[in-house]
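This report concerns only the one structure given below.
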Amino acid sequence: MYLILAGLIMLVSWLVSSRLKSKFEFYSKLELQNGMSGREIAEKMLADNGIYDVKVISVDGQLTDHYNPIDKTVNLSEGVYNQRNAAAAAVAAHECGHAVQHAVGYQWLTMRSQLVPVVNVTSSYLQWILIGGILMIKTFPALLLIGIVIFAFTTLFSIITLPVEYDASNRALAWLENNQMLTRQEQDGAKDALKWAARTYVVAAIGSIATLLYYLSIYNGRR
């Protein structure tokens with residue numbers, strides 16, 4: 001039953017990811033009438049929110065955009081940093097939405113940031129603990145329980161990520177619309193692109209919850 005569920009989640013994840021890529025490719029062709037690049041969009045949104053201690057920088061890769069609360073940088077991929085289209089505007093504003101969250105002390109972002117060190121430290125050896133726990137379920141069930149507890153933090157991280165990502169998108173879209181940064185067509189494109197980006201986090205959270213329940217069922221059925 002778990003294999004069927006896992007297969008369905010993998011299929012949905014692939015479909016959502018494929019749809020997301022196609023959406024961004026489509027809206028990357030929708031050039032902004034205001035002529036602003038992703039970098040300029042980001043810098044203006046930060047300034048409009050009174051944030052002057054965050055730098056906007058370019059990073060390698062595709063869809064590698066992120067906000068780093070440690071060094072206070074909005075990291076935009078090359079395709080977003082220099083481009084002047086609806087997709088770039090959406091991503092740039094979304095990442096600045098995280099910077100605004102950080103500036104105002106958004107509770108869910110604070111909680112997620114506190115979990116980052118735990119997830120980073122445990123991710124390298126979690127898989128081996130779970131495999132060892134399953135193999136030794138009859139002789140040393142506590143090992144699997146330890147793996148489940150650690151994995152639960154990863155699942156919690158995925159769940160907490162949802163309000164963080166949706167709130168950042170809402171802040172971005174509200175700012176873009178209230179300041180009339182985009183035309184109606186561009187605004188709709190930015191909203192659609194961010195909607196599909198958010199769905200990837202939903203699928204990831206569902207997959208994590210399902211996997212956690214699977215390990216719990218193994219532990220509970222050890223006898």
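Letters A, B, ... mark the chains of the structure tokens in the order given; residue numbers begin at 1 per chain; ligand numbers begin at 1, in order shown.
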task: Might you pull out every residue within 10 Å of A:Tyr81, with only C-alpha atoms counted and same-chain residues fewer than 5 positions away left off, and present them as a PyMOL selection string?
output: chain A and resi 37-42+56-59+65+75-76+88-89+91-92
Kindly save the residues from that selection, with N, CA, C and O atoms included, as an mmCIF file, in the first residue's frame.
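Once written, selection-v7.cif looks like this:
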data_model
loop_
_atom_site.group_PDB
_atom_site.id
_atom_site.type_symbol
_atom_site.label_atom_id
_atom_site.label_comp_id
_atom_site.auth_asym_id
_atom_site.auth_seq_id
_atom_site.Cartn_x
_atom_site.Cartn_y
_atom_site.Cartn_z
ATOM 1 N N SER A 37 14.483 44.918 -14.450
ATOM 2 C CA SER A 37 15.033 43.574 -14.288
ATOM 3 C C SER A 37 14.625 43.007 -12.936
ATOM 4 O O SER A 37 14.107 43.718 -12.070
ATOM 5 N N GLY A 38 14.890 41.716 -12.751
ATOM 6 C CA GLY A 38 14.597 41.094 -11.468
ATOM 7 C C GLY A 38 15.342 41.784 -10.333
ATOM 8 O O GLY A 38 14.795 41.968 -9.242
ATOM 9 N N ARG A 39 16.583 42.159 -10.581
ATOM 10 C CA ARG A 39 17.375 42.859 -9.563
ATOM 11 C C ARG A 39 16.726 44.190 -9.194
ATOM 12 O O ARG A 39 16.609 44.528 -8.007
ATOM 13 N N GLU A 40 16.293 44.937 -10.190
ATOM 14 C CA GLU A 40 15.692 46.248 -9.928
ATOM 15 C C GLU A 40 14.354 46.105 -9.194
ATOM 16 O O GLU A 40 14.037 46.919 -8.320
ATOM 17 N N ILE A 41 13.590 45.081 -9.560
ATOM 18 C CA ILE A 41 12.328 44.808 -8.866
ATOM 19 C C ILE A 41 12.603 44.532 -7.384
ATOM 20 O O ILE A 41 11.948 45.074 -6.489
ATOM 21 N N ALA A 42 13.607 43.674 -7.137
ATOM 22 C CA ALA A 42 13.944 43.298 -5.763
ATOM 23 C C ALA A 42 14.411 44.502 -4.955
ATOM 24 O O ALA A 42 13.985 44.705 -3.810
ATOM 25 N N VAL A 56 21.060 42.416 -2.823
ATOM 26 C CA VAL A 56 20.534 41.575 -3.894
ATOM 27 C C VAL A 56 21.713 41.128 -4.747
ATOM 28 O O VAL A 56 22.409 41.958 -5.327
ATOM 29 N N ILE A 57 21.961 39.827 -4.789
ATOM 30 C CA ILE A 57 23.119 39.305 -5.517
ATOM 31 C C ILE A 57 22.674 38.219 -6.497
ATOM 32 O O ILE A 57 21.577 37.677 -6.402
ATOM 33 N N SER A 58 23.562 37.914 -7.444
ATOM 34 C CA SER A 58 23.297 36.892 -8.448
ATOM 35 C C SER A 58 24.011 35.599 -8.076
ATOM 36 O O SER A 58 25.152 35.622 -7.601
ATOM 37 N N VAL A 59 23.339 34.463 -8.284
ATOM 38 C CA VAL A 59 23.929 33.149 -8.002
ATOM 39 C C VAL A 59 23.770 32.258 -9.232
ATOM 40 O O VAL A 59 22.889 32.480 -10.068
ATOM 41 N N ASP A 65 16.983 30.477 -6.628
ATOM 42 C CA ASP A 65 16.677 31.717 -5.919
ATOM 43 C C ASP A 65 16.302 31.434 -4.466
ATOM 44 O O ASP A 65 15.543 30.504 -4.179
ATOM 45 N N ASN A 75 19.236 36.151 -2.977
ATOM 46 C CA ASN A 75 20.038 35.491 -4.004
ATOM 47 C C ASN A 75 19.151 35.141 -5.188
ATOM 48 O O ASN A 75 18.248 34.317 -5.075
ATOM 49 N N LEU A 76 19.420 35.756 -6.325
ATOM 50 C CA LEU A 76 18.623 35.536 -7.526
ATOM 51 C C LEU A 76 19.455 34.798 -8.563
ATOM 52 O O LEU A 76 20.613 35.137 -8.787
ATOM 53 N N ALA A 88 10.519 36.555 -13.846
ATOM 54 C CA ALA A 88 11.610 37.130 -13.054
ATOM 55 C C ALA A 88 11.069 38.067 -11.980
ATOM 56 O O ALA A 88 11.543 38.070 -10.838
ATOM 57 N N ALA A 89 10.071 38.867 -12.347
ATOM 58 C CA ALA A 89 9.465 39.786 -11.374
ATOM 59 C C ALA A 89 8.821 39.015 -10.227
ATOM 60 O O ALA A 89 8.940 39.402 -9.057
ATOM 61 N N VAL A 91 9.533 35.920 -9.078
ATOM 62 C CA VAL A 91 10.534 35.282 -8.225
ATOM 63 C C VAL A 91 11.262 36.307 -7.376
ATOM 64 O O VAL A 91 11.462 36.112 -6.171
ATOM 65 N N ALA A 92 11.676 37.404 -7.989
ATOM 66 C CA ALA A 92 12.411 38.438 -7.264
ATOM 67 C C ALA A 92 11.577 39.002 -6.121
ATOM 68 O O ALA A 92 12.059 39.165 -4.992
#
Quick one: everything within 12 Å of A:Tyr166, counting only C-alpha atoms, minus sequence neighbours fewer than 2 positions away in the same chain. Send it as a list of chain:residue names.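 Using only C-alpha atoms, the neighbours found are A:His94, A:Glu95, A:Gly97, A:His98, A:Gln101, A:Trp108, A:Leu109, A:Ile159, A:Ile160, A:Thr161, A:Leu162, A:Pro163, A:Val164, A:Ala168, A:Ser169, A:Asn170, A:Arg171, A:Ala172, A:Leu173, A:Lys191, A:Leu194, A:Lys195, A:Trp196, A:Ala197, A:Ala198, A:Arg199, A:Thr200, A:Tyr201, A:Val202.
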Any idea what's packed within 10 Å of stretch 214-220 of chain A, counting only C-alpha atoms, ignoring anything in its chain fewer than 5 positions away? Could you give it as a list in words?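 The residues that qualify are Met1, Tyr2, Leu3, Ala6, Leu130, Gly133, Ile134, Ile137, Lys138, Pro141, Ala142, Leu144, Leu145, Gly147, Ile148, Val149, Phe151, Ser208 and Ile209 of chain A.
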Spatial neighbours of A:Thr183, max dist 9 Å, only C-alpha atoms, sep filter under 4 positions, as a JSON list (two decimals) with C-alpha atoms, in the first residue's frame:
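Below is the file around_12.json, written as the result:
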[["chain", "number", "residue", "atom", "x", "y", "z"],
["A", 32, "LEU", "CA", 7.66, 43.69, -18.63],
["A", 33, "GLN", "CA", 6.41, 46.96, -20.00],
["A", 34, "ASN", "CA", 8.20, 48.85, -17.21],
["A", 177, "GLU", "CA", -0.27, 45.18, -7.47],
["A", 187, "GLN", "CA", 0.30, 40.42, -12.70],
["A", 188, "ASP", "CA", -1.84, 37.41, -13.58]]
* When DSSP works through the backbone of this structure, what residues of stretch 4-217 of chain A end up as strand (DSSP E), shown as a list in words? ->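 The residues of stretch 4-217 of chain A classed as strand (DSSP E) are Lys55, Val56, Ile57, Ser58, Val59, His66, Tyr67, Asn68, Thr73, Val74, Asn75, Leu76 and Ser77 of chain A.
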For A:Leu143, the closest of A:His66, A:Leu126, A:Thr155, A:Arg112 counting only C-alpha atoms is A:Leu126
message = Just want the 10 Å neighbourhood of A:Asp53, counted on only C-alpha atoms, with same-chain residues fewer than 5 positions away dropped. Output as a list in words.
response =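 The contact residues come out as Leu46, Ala47, Asp71, Lys72, Thr73 and Ala103 of chain A.
Proximity of A:Val119, A:Ala87, A:Ile4, A:Met45 to A:Val100, computed with only C-alpha atoms, is greatest for A:Met45.
For the pair atom CA of A:Ala90 and atom CA of A:Leu11, the interatomic distance is 26.4 Å.
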From atom CA of A:Cys96 to atom CA of A:Asp167 the spacing works out at 11.4 Å
Would you give me, as a ChimeraX atom specification, the residues in stretch 54-200 of chain A that DSSP reads as helix (DSSP H, G or I)? /A:78-81,86-104,107-135,141-178,184-200
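Closest approach to A:Phe157 among A:Ser77, A:Thr122, A:Asn178, A:Ser113 is made by A:Ser113 (distances from only C-alpha atoms).
The interatomic distance for the pair atom CA of A:Thr154 and atom CA of A:Gln107 works out to 18.3 Å.
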